[in-house]
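Shown next: work_34.csv, given as CSV, C-alpha atoms.
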chain,number,residue,atom,x,y,z
A,1,MET,CA,96.5,-70.4,38.4
A,2,THR,CA,94.9,-72.9,36.0
A,3,GLY,CA,96.3,-72.9,32.5
A,4,SER,CA,95.0,-69.9,30.6
A,5,THR,CA,93.4,-72.0,27.8
A,6,ARG,CA,92.0,-74.9,29.7
A,7,GLY,CA,88.4,-75.4,28.7
A,8,ILE,CA,88.8,-73.4,25.5
A,9,LEU,CA,88.6,-75.9,22.7
A,10,TYR,CA,90.2,-74.0,19.9
A,11,PRO,CA,92.6,-71.4,21.5
A,12,ALA,CA,94.3,-70.7,18.2
A,13,ARG,CA,91.0,-69.1,17.0
A,14,LEU,CA,90.7,-66.8,19.9
A,15,PRO,CA,90.6,-63.0,19.5
A,16,ARG,CA,92.7,-61.1,22.0
A,17,PHE,CA,92.1,-62.8,25.3
A,18,THR,CA,93.4,-61.7,28.7
A,19,ARG,CA,93.1,-63.4,32.1
A,20,LEU,CA,93.7,-61.4,35.3
A,21,PRO,CA,93.8,-62.3,38.9
A,22,PRO,CA,91.2,-60.7,41.1
A,23,PRO,CA,92.0,-58.0,43.6
A,24,GLU,CA,92.9,-59.3,47.1
A,25,SER,CA,89.6,-58.1,48.5
A,26,ALA,CA,87.7,-60.4,46.0
A,27,ARG,CA,89.7,-63.6,46.2
A,28,ASP,CA,87.0,-65.4,48.1
A,29,LEU,CA,84.5,-64.5,45.4
A,30,VAL,CA,86.4,-64.6,42.1
A,31,ARG,CA,88.8,-67.2,40.8
A,32,TRP,CA,89.9,-65.1,37.9
A,33,ILE,CA,88.7,-62.4,35.5
A,34,TRP,CA,88.8,-62.9,31.8
A,35,VAL,CA,88.6,-60.3,29.0
A,36,PRO,CA,88.2,-61.1,25.3
A,37,GLU,CA,88.3,-58.3,22.8
A,38,TRP,CA,87.6,-58.5,19.1
A,39,ASP,CA,87.5,-56.4,16.0
A,40,LEU,CA,86.5,-58.4,13.0
A,41,GLU,CA,86.0,-57.5,9.4
A,42,PRO,CA,82.5,-56.8,8.2
A,43,GLY,CA,80.6,-60.0,7.5
A,44,ARG,CA,83.1,-62.2,9.4
A,45,VAL,CA,81.9,-64.3,12.4
A,46,SER,CA,84.3,-66.0,14.8
A,47,ARG,CA,82.7,-68.9,16.7
A,48,GLN,CA,84.4,-69.6,20.0
A,49,HIS,CA,83.8,-73.1,21.5
A,50,VAL,CA,84.2,-73.8,25.2
A,51,VAL,CA,83.8,-76.8,27.5
A,52,ALA,CA,83.3,-74.6,30.5
A,53,HIS,CA,84.6,-75.0,34.0
A,54,PRO,CA,81.9,-76.4,36.4
A,55,ALA,CA,81.1,-73.0,37.7
A,56,SER,CA,79.1,-69.8,37.0
A,57,ASN,CA,80.4,-66.5,35.5
A,58,LEU,CA,79.3,-63.0,36.0
A,59,VAL,CA,79.7,-61.3,32.6
A,60,VAL,CA,79.5,-57.7,31.4
A,61,GLN,CA,79.6,-57.4,27.7
A,62,SER,CA,79.1,-54.9,24.9
A,63,ARG,CA,77.1,-57.2,22.5
A,64,ASP,CA,73.4,-56.6,21.9
A,65,GLY,CA,73.6,-53.0,23.2
A,66,GLY,CA,75.4,-54.1,26.4
A,67,PHE,CA,74.2,-56.2,29.3
A,68,VAL,CA,75.1,-58.0,32.5
A,69,GLY,CA,74.5,-61.7,32.7
A,70,LEU,CA,74.9,-64.6,35.0
A,71,ALA,CA,76.1,-67.6,33.0
A,72,GLY,CA,75.5,-70.9,34.8
A,73,PRO,CA,77.3,-74.2,34.5
A,74,THR,CA,76.8,-76.1,31.3
A,75,THR,CA,76.2,-79.7,30.5
A,76,ARG,CA,77.5,-79.6,27.0
A,77,ARG,CA,80.1,-77.6,25.1
A,78,SER,CA,78.9,-74.1,24.3
A,79,HIS,CA,79.8,-71.4,21.9
A,80,GLN,CA,79.6,-67.6,21.3
A,81,ASP,CA,79.5,-66.1,17.8
A,82,LEU,CA,81.6,-62.9,17.7
A,83,SER,CA,81.2,-60.3,15.0
A,84,GLY,CA,82.0,-56.6,14.5
A,85,ARG,CA,83.9,-55.0,17.4
A,86,GLY,CA,83.3,-55.7,21.0
A,87,TRP,CA,84.5,-56.9,24.4
A,88,ALA,CA,83.4,-58.8,27.5
A,89,VAL,CA,84.6,-58.7,31.1
A,90,GLY,CA,83.7,-61.9,33.0
A,91,ALA,CA,84.4,-63.2,36.5
A,92,LEU,CA,84.7,-66.9,37.0
A,93,LEU,CA,82.9,-67.1,40.3
A,94,GLN,CA,83.9,-68.8,43.5
A,95,PRO,CA,81.0,-70.7,45.1
A,96,ALA,CA,80.9,-68.2,47.9
A,97,ALA,CA,79.8,-65.5,45.4
A,98,LEU,CA,77.2,-67.6,43.6
A,99,GLY,CA,75.5,-68.5,46.9
A,100,ALA,CA,74.8,-64.8,47.4
A,101,LEU,CA,73.6,-64.2,43.8
A,102,SER,CA,71.2,-67.1,43.4
A,103,GLU,CA,68.9,-68.8,45.9
A,104,ASP,CA,69.0,-72.0,43.9
A,105,PRO,CA,72.1,-72.3,41.6
A,106,SER,CA,70.7,-75.5,40.1
A,107,THR,CA,68.3,-73.3,38.1
A,108,LEU,CA,71.2,-71.7,36.3
A,109,LEU,CA,72.2,-75.0,34.7
A,110,ASP,CA,72.6,-74.3,30.9
A,111,ALA,CA,71.0,-70.8,31.5
A,112,TYR,CA,72.2,-67.3,31.0
A,113,PRO,CA,69.8,-64.9,32.7
A,114,ARG,CA,70.4,-61.1,32.6
A,115,LEU,CA,70.8,-59.1,35.7
A,116,GLU,CA,69.5,-55.6,36.3
A,117,ALA,CA,72.8,-53.8,37.1
A,118,PRO,CA,72.9,-50.7,35.0
A,119,ALA,CA,75.5,-49.0,37.2
A,120,LEU,CA,77.9,-51.9,36.8
A,121,LEU,CA,77.4,-52.0,33.0
A,122,ALA,CA,78.1,-48.3,32.8
A,123,ALA,CA,81.2,-48.4,35.0
A,124,VAL,CA,82.7,-51.4,33.2
A,125,GLY,CA,81.9,-49.9,29.9
A,126,ALA,CA,83.6,-46.6,30.8
A,127,ALA,CA,86.7,-48.4,31.8
A,128,MET,CA,86.8,-50.5,28.7
A,129,ASP,CA,86.2,-47.5,26.4
A,130,ALA,CA,89.0,-45.5,28.0
A,131,THR,CA,92.5,-45.3,26.4
A,132,ALA,CA,94.5,-45.8,29.6
A,133,PRO,CA,97.1,-48.6,29.3
A,134,ASP,CA,95.6,-50.2,32.5
A,135,ARG,CA,92.0,-50.1,31.3
A,136,LEU,CA,91.5,-53.9,31.6
A,137,GLU,CA,92.8,-53.9,35.2
A,138,ARG,CA,90.4,-51.0,35.9
A,139,ALA,CA,87.4,-52.8,34.4
A,140,ALA,CA,88.3,-55.9,36.4
A,141,ALA,CA,88.5,-53.9,39.6
A,142,VAL,CA,85.1,-52.4,39.0
A,143,LEU,CA,83.6,-55.8,38.5
A,144,ALA,CA,85.3,-57.3,41.5
A,145,GLN,CA,84.4,-54.5,43.8
A,146,TRP,CA,80.7,-54.6,42.7
A,147,LEU,CA,80.7,-58.3,43.8
A,148,VAL,CA,82.4,-57.5,47.1
A,149,LYS,CA,79.7,-55.0,47.9
A,150,ARG,CA,76.8,-57.2,46.6
A,151,VAL,CA,77.9,-60.3,48.5
A,152,GLY,CA,79.0,-58.9,51.8
A,153,ASP,CA,80.6,-61.1,54.5
A,154,VAL,CA,81.5,-64.6,53.5
A,155,ASP,CA,80.7,-67.3,56.1
A,156,ALA,CA,82.5,-70.5,57.0
A,157,GLU,CA,80.1,-72.7,54.9
A,158,ALA,CA,80.8,-70.6,51.8
A,159,LEU,CA,84.5,-70.9,52.4
A,160,ALA,CA,84.1,-74.6,52.7
A,161,ALA,CA,82.4,-74.6,49.3
A,162,ASN,CA,85.4,-72.7,47.9
A,163,GLU,CA,87.7,-75.3,49.3
A,164,LEU,CA,85.7,-78.1,47.7
A,165,VAL,CA,86.0,-76.6,44.3
A,166,ALA,CA,89.7,-75.9,44.7
A,167,VAL,CA,90.4,-79.5,45.5
A,168,VAL,CA,88.3,-80.8,42.6
A,169,GLU,CA,90.0,-78.5,40.2
A,170,SER,CA,93.6,-79.0,41.4
A,171,ASP,CA,94.0,-82.6,42.7
A,172,PRO,CA,94.3,-85.1,39.9
A,173,GLU,CA,94.0,-88.0,42.4
A,174,VAL,CA,90.4,-87.0,43.2
A,175,LEU,CA,88.5,-89.2,40.7
A,176,ARG,CA,85.4,-90.1,42.8
A,177,LEU,CA,83.2,-88.5,45.4
A,178,GLU,CA,84.8,-90.9,48.0
A,179,ASP,CA,88.2,-89.5,47.1
A,180,LEU,CA,87.0,-86.0,47.7
A,181,ALA,CA,85.4,-86.9,51.0
A,182,GLU,CA,88.6,-88.5,52.2
A,183,ARG,CA,90.7,-85.5,51.1
A,184,LEU,CA,88.4,-82.9,52.8
A,185,HIS,CA,87.5,-85.1,55.9
A,186,ARG,CA,83.8,-84.6,55.3
A,187,SER,CA,81.0,-87.0,54.5
A,188,PRO,CA,79.9,-87.6,50.9
A,189,ARG,CA,76.4,-86.4,51.8
A,190,THR,CA,77.7,-83.1,53.2
A,191,LEU,CA,79.8,-82.5,50.1
A,192,GLN,CA,76.8,-83.2,47.9
A,193,ARG,CA,74.7,-80.8,49.8
A,194,THR,CA,77.4,-78.1,49.7
A,195,ALA,CA,78.0,-78.5,46.0
A,196,ARG,CA,74.3,-78.2,45.1
A,197,ARG,CA,73.8,-75.2,47.3
A,198,TYR,CA,76.9,-73.2,46.1
A,199,VAL,CA,77.6,-74.6,42.6
A,200,GLY,CA,74.5,-76.1,41.3
A,201,LEU,CA,76.2,-79.4,40.3
A,202,SER,CA,77.1,-82.6,42.1
A,203,PRO,CA,80.7,-83.2,43.0
A,204,ALA,CA,80.8,-86.2,40.6
A,205,ALA,CA,79.7,-83.9,37.7
A,206,MET,CA,82.4,-81.4,38.7
A,207,ILE,CA,85.1,-84.1,38.7
A,208,ARG,CA,84.0,-85.4,35.3
A,209,ARG,CA,84.2,-81.9,33.8
A,210,ARG,CA,87.7,-81.4,35.1
A,211,ARG,CA,88.8,-84.7,33.7
A,212,LEU,CA,87.3,-83.9,30.3
A,213,GLN,CA,88.9,-80.5,30.2
A,214,GLU,CA,92.3,-82.1,30.9
A,215,ALA,CA,91.7,-84.8,28.3
A,216,ALA,CA,90.8,-82.3,25.7
A,217,GLU,CA,93.9,-80.2,26.4
A,218,ARG,CA,96.1,-83.3,26.4
A,219,VAL,CA,94.6,-84.5,23.1
A,220,ARG,CA,95.2,-81.0,21.5
A,221,THR,CA,98.6,-80.3,22.8
A,222,ASP,CA,100.3,-83.7,22.7
A,223,ARG,CA,99.5,-85.0,19.2
A,224,GLU,CA,101.5,-88.2,19.5
A,225,VAL,CA,100.1,-89.5,22.8
A,226,ASP,CA,97.9,-92.6,22.5
A,227,LEU,CA,94.3,-91.9,23.6
A,228,ALA,CA,94.3,-95.1,25.7
A,229,VAL,CA,97.2,-93.6,27.7
A,230,VAL,CA,95.3,-90.4,28.2
A,231,ALA,CA,92.2,-92.3,29.4
A,232,ALA,CA,94.3,-94.3,31.9
A,233,GLU,CA,96.2,-91.3,33.2
A,234,LEU,CA,92.9,-89.4,33.9
A,235,GLY,CA,91.1,-92.2,35.6
A,236,TYR,CA,88.8,-93.4,32.8
A,237,ALA,CA,88.0,-97.1,32.9
A,238,ASP,CA,89.2,-97.4,29.4
A,239,HIS,CA,89.5,-95.7,26.0
A,240,ALA,CA,85.8,-96.3,25.2
A,241,HIS,CA,84.7,-94.4,28.3
A,242,LEU,CA,86.9,-91.4,27.3
A,243,CYS,CA,85.3,-91.5,23.8
A,244,ARG,CA,81.8,-91.7,25.2
A,245,ASP,CA,82.5,-88.7,27.5
A,246,PHE,CA,83.9,-86.7,24.6
A,247,ARG,CA,80.9,-87.5,22.4
A,248,THR,CA,78.4,-86.7,25.1
A,249,VAL,CA,79.8,-83.3,26.0
A,250,LEU,CA,81.8,-82.1,23.0
A,251,GLY,CA,79.7,-83.8,20.3
A,252,LEU,CA,82.7,-85.5,18.6
A,253,ALA,CA,85.3,-88.2,19.2
A,254,PRO,CA,88.8,-87.4,20.6
A,255,SER,CA,90.4,-88.3,17.2
A,256,GLU,CA,88.0,-85.9,15.4
A,257,TYR,CA,88.8,-83.2,17.9
A,258,ARG,CA,92.5,-83.7,17.4
A,259,ARG,CA,92.1,-83.4,13.6
A,260,ASP,CA,90.0,-80.2,14.0
A,261,THR,CA,92.8,-78.5,16.0
A,262,VAL,CA,95.5,-79.0,13.4

Spell out the structure here as structure tokens.
Amino acid sequence: MTGSTRGILYPARLPRFTRLPPPESARDLVRWIWVPEWDLEPGRVSRQHVVAHPASNLVVQSRDGGFVGLAGPTTRRSHQDLSGRGWAVGALLQPAALGALSEDPSTLLDAYPRLEAPALLAAVGAAMDATAPDRLERAAAVLAQWLVKRVGDVDAEALAANELVAVVESDPEVLRLEDLAERLHRSPRTLQRTARRYVGLSPAAMIRRRRLQEAAERVRTDREVDLAVVAAELGYADHAHLCRDFRTVLGLAPSEYRRDTV
């Protein structure tokens, strides 16, 4: 499984955060389930910054009276302001799941529409409010099984979309669309069509996001490494291109981010 804090810009500022694998029955639909919980002093706000994975999330949360939302892929870093006491149970979706939840995933870009799913909200809330030691696992199972029922059978095209994302996320040698096409033995046009239908982003955008996540994690965790070395190892043309990517998506330079994480 991908490192538990990849994409989280300031993991030291996190409240309690748990990441769980999906049940076997939902592995074609969910990559992992994440559960933050917080209990903050009155008047205190904890801002959590994320450079999200190039994917969508199905989220059940207690904030604002409780709701279910479908958080689409983002083009910039995003944040959530946490206050009081609360929780969220989210599923990082496989493309196969999103294809069944949205007719046009591209409309979810930088969007967070709410879904009418009162039974799901109630069932997850009941699991989270319980005192059982396995309450997180129970809440995750409720969310996963709702997806299994909602999506139904997964066809070969949807599974091919899952494979596309798995390669983008895991193969550091995939730096361009042509690399991905060679790795999957499919044409670039086919991969572009599959990605837009099941993810809402182009393969090139997905690759760029993975590289930026890896760069941010390297800058944060290896404080002595030269930024030019990071740029070269991750396939950037040079240090300037890495800095430009950082500023475009994160809103600050790599050196500034490094100072912020001290």

Notebook entry, point to check: What is the distance, in Å and to one decimal place, between CA of Arg114 in chain A and CA of Phe67 in chain A?
Noted result: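 That distance, rounded to one decimal, is 7.0 Å.
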
Margin query: Between CA of Gly69 in chain A and CA of Leu115 in chain A, what is the distance in Å, rounded to a tenth?
Written below: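 If I compute the distance from CA of Gly69 in chain A to CA of Leu115 in chain A, I get 5.4 Å.
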
Notebook entry, point to check: From the list A:Leu121, A:Gly43, A:Asp238, A:Val89, which residue is nearest Phe17 in chain A when using all atoms listed in the file?
Noted result: A:Val89

Margin query: Give me, as JSON, numbers by chain, all polymer residues having an atom no more than 12 Å from Leu40 in chain A, counting only C-alpha atoms and skipping those fewer than 5 positions away in the same chain.
Written below: {"A": [14, 15, 16, 45, 46, 47, 81, 82, 83, 84, 85, 86, 87]}

Note to self: For a test of reading the model, state the distance in Å between CA of Ala126 in chain A and CA of Leu143 in chain A, rounded to one decimal.
What the structure shows: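 So the two atoms, CA of Ala126 in chain A and CA of Leu143 in chain A, lie 12.0 Å apart.
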
Margin query: With distances taken over only C-alpha atoms, which residue among A:Ala100, A:Ile207, A:Ala216, A:Cys243 lies nearest Arg150 in chain A?
Written below: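 With only C-alpha atoms as the atom set, the closest residue is A:Ala100.
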
Note to self: Just checking: using all atoms listed in the file, which residue out of A:Pro54, A:Gly200, A:Pro21, A:Pro113 ends up closest to Ala91 in chain A?
What the structure shows: A:Pro21

Checklist line | Residue nearest Thr190 in chain A among A:Val167, A:Ala160, A:Ala253, A:Leu212 (counting all atoms listed in the file) | finding: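 That would be A:Ala160, the residue with the smallest distance to Thr190 in chain A.
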
Next item on the list: Dump as a list in words all residues having an atom at most 10 Å from (90.5, -97.9, 22.3), computed in the file's coordinates with only C-alpha atoms.
Entry: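 Protein, DNA and RNA residues close to (90.5, -97.9, 22.3): Asp226, Leu227, Ala228, Val229, Ala231, Asp238, His239, Ala240, His241, Leu242 and Cys243 of chain A.
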
Next item on the list: Give me the residues within 10 Å of Ser25 in chain A as a count of residues only, counting all atoms listed in the file and dropping any in the same chain fewer than 6 places off.
Entry: 4
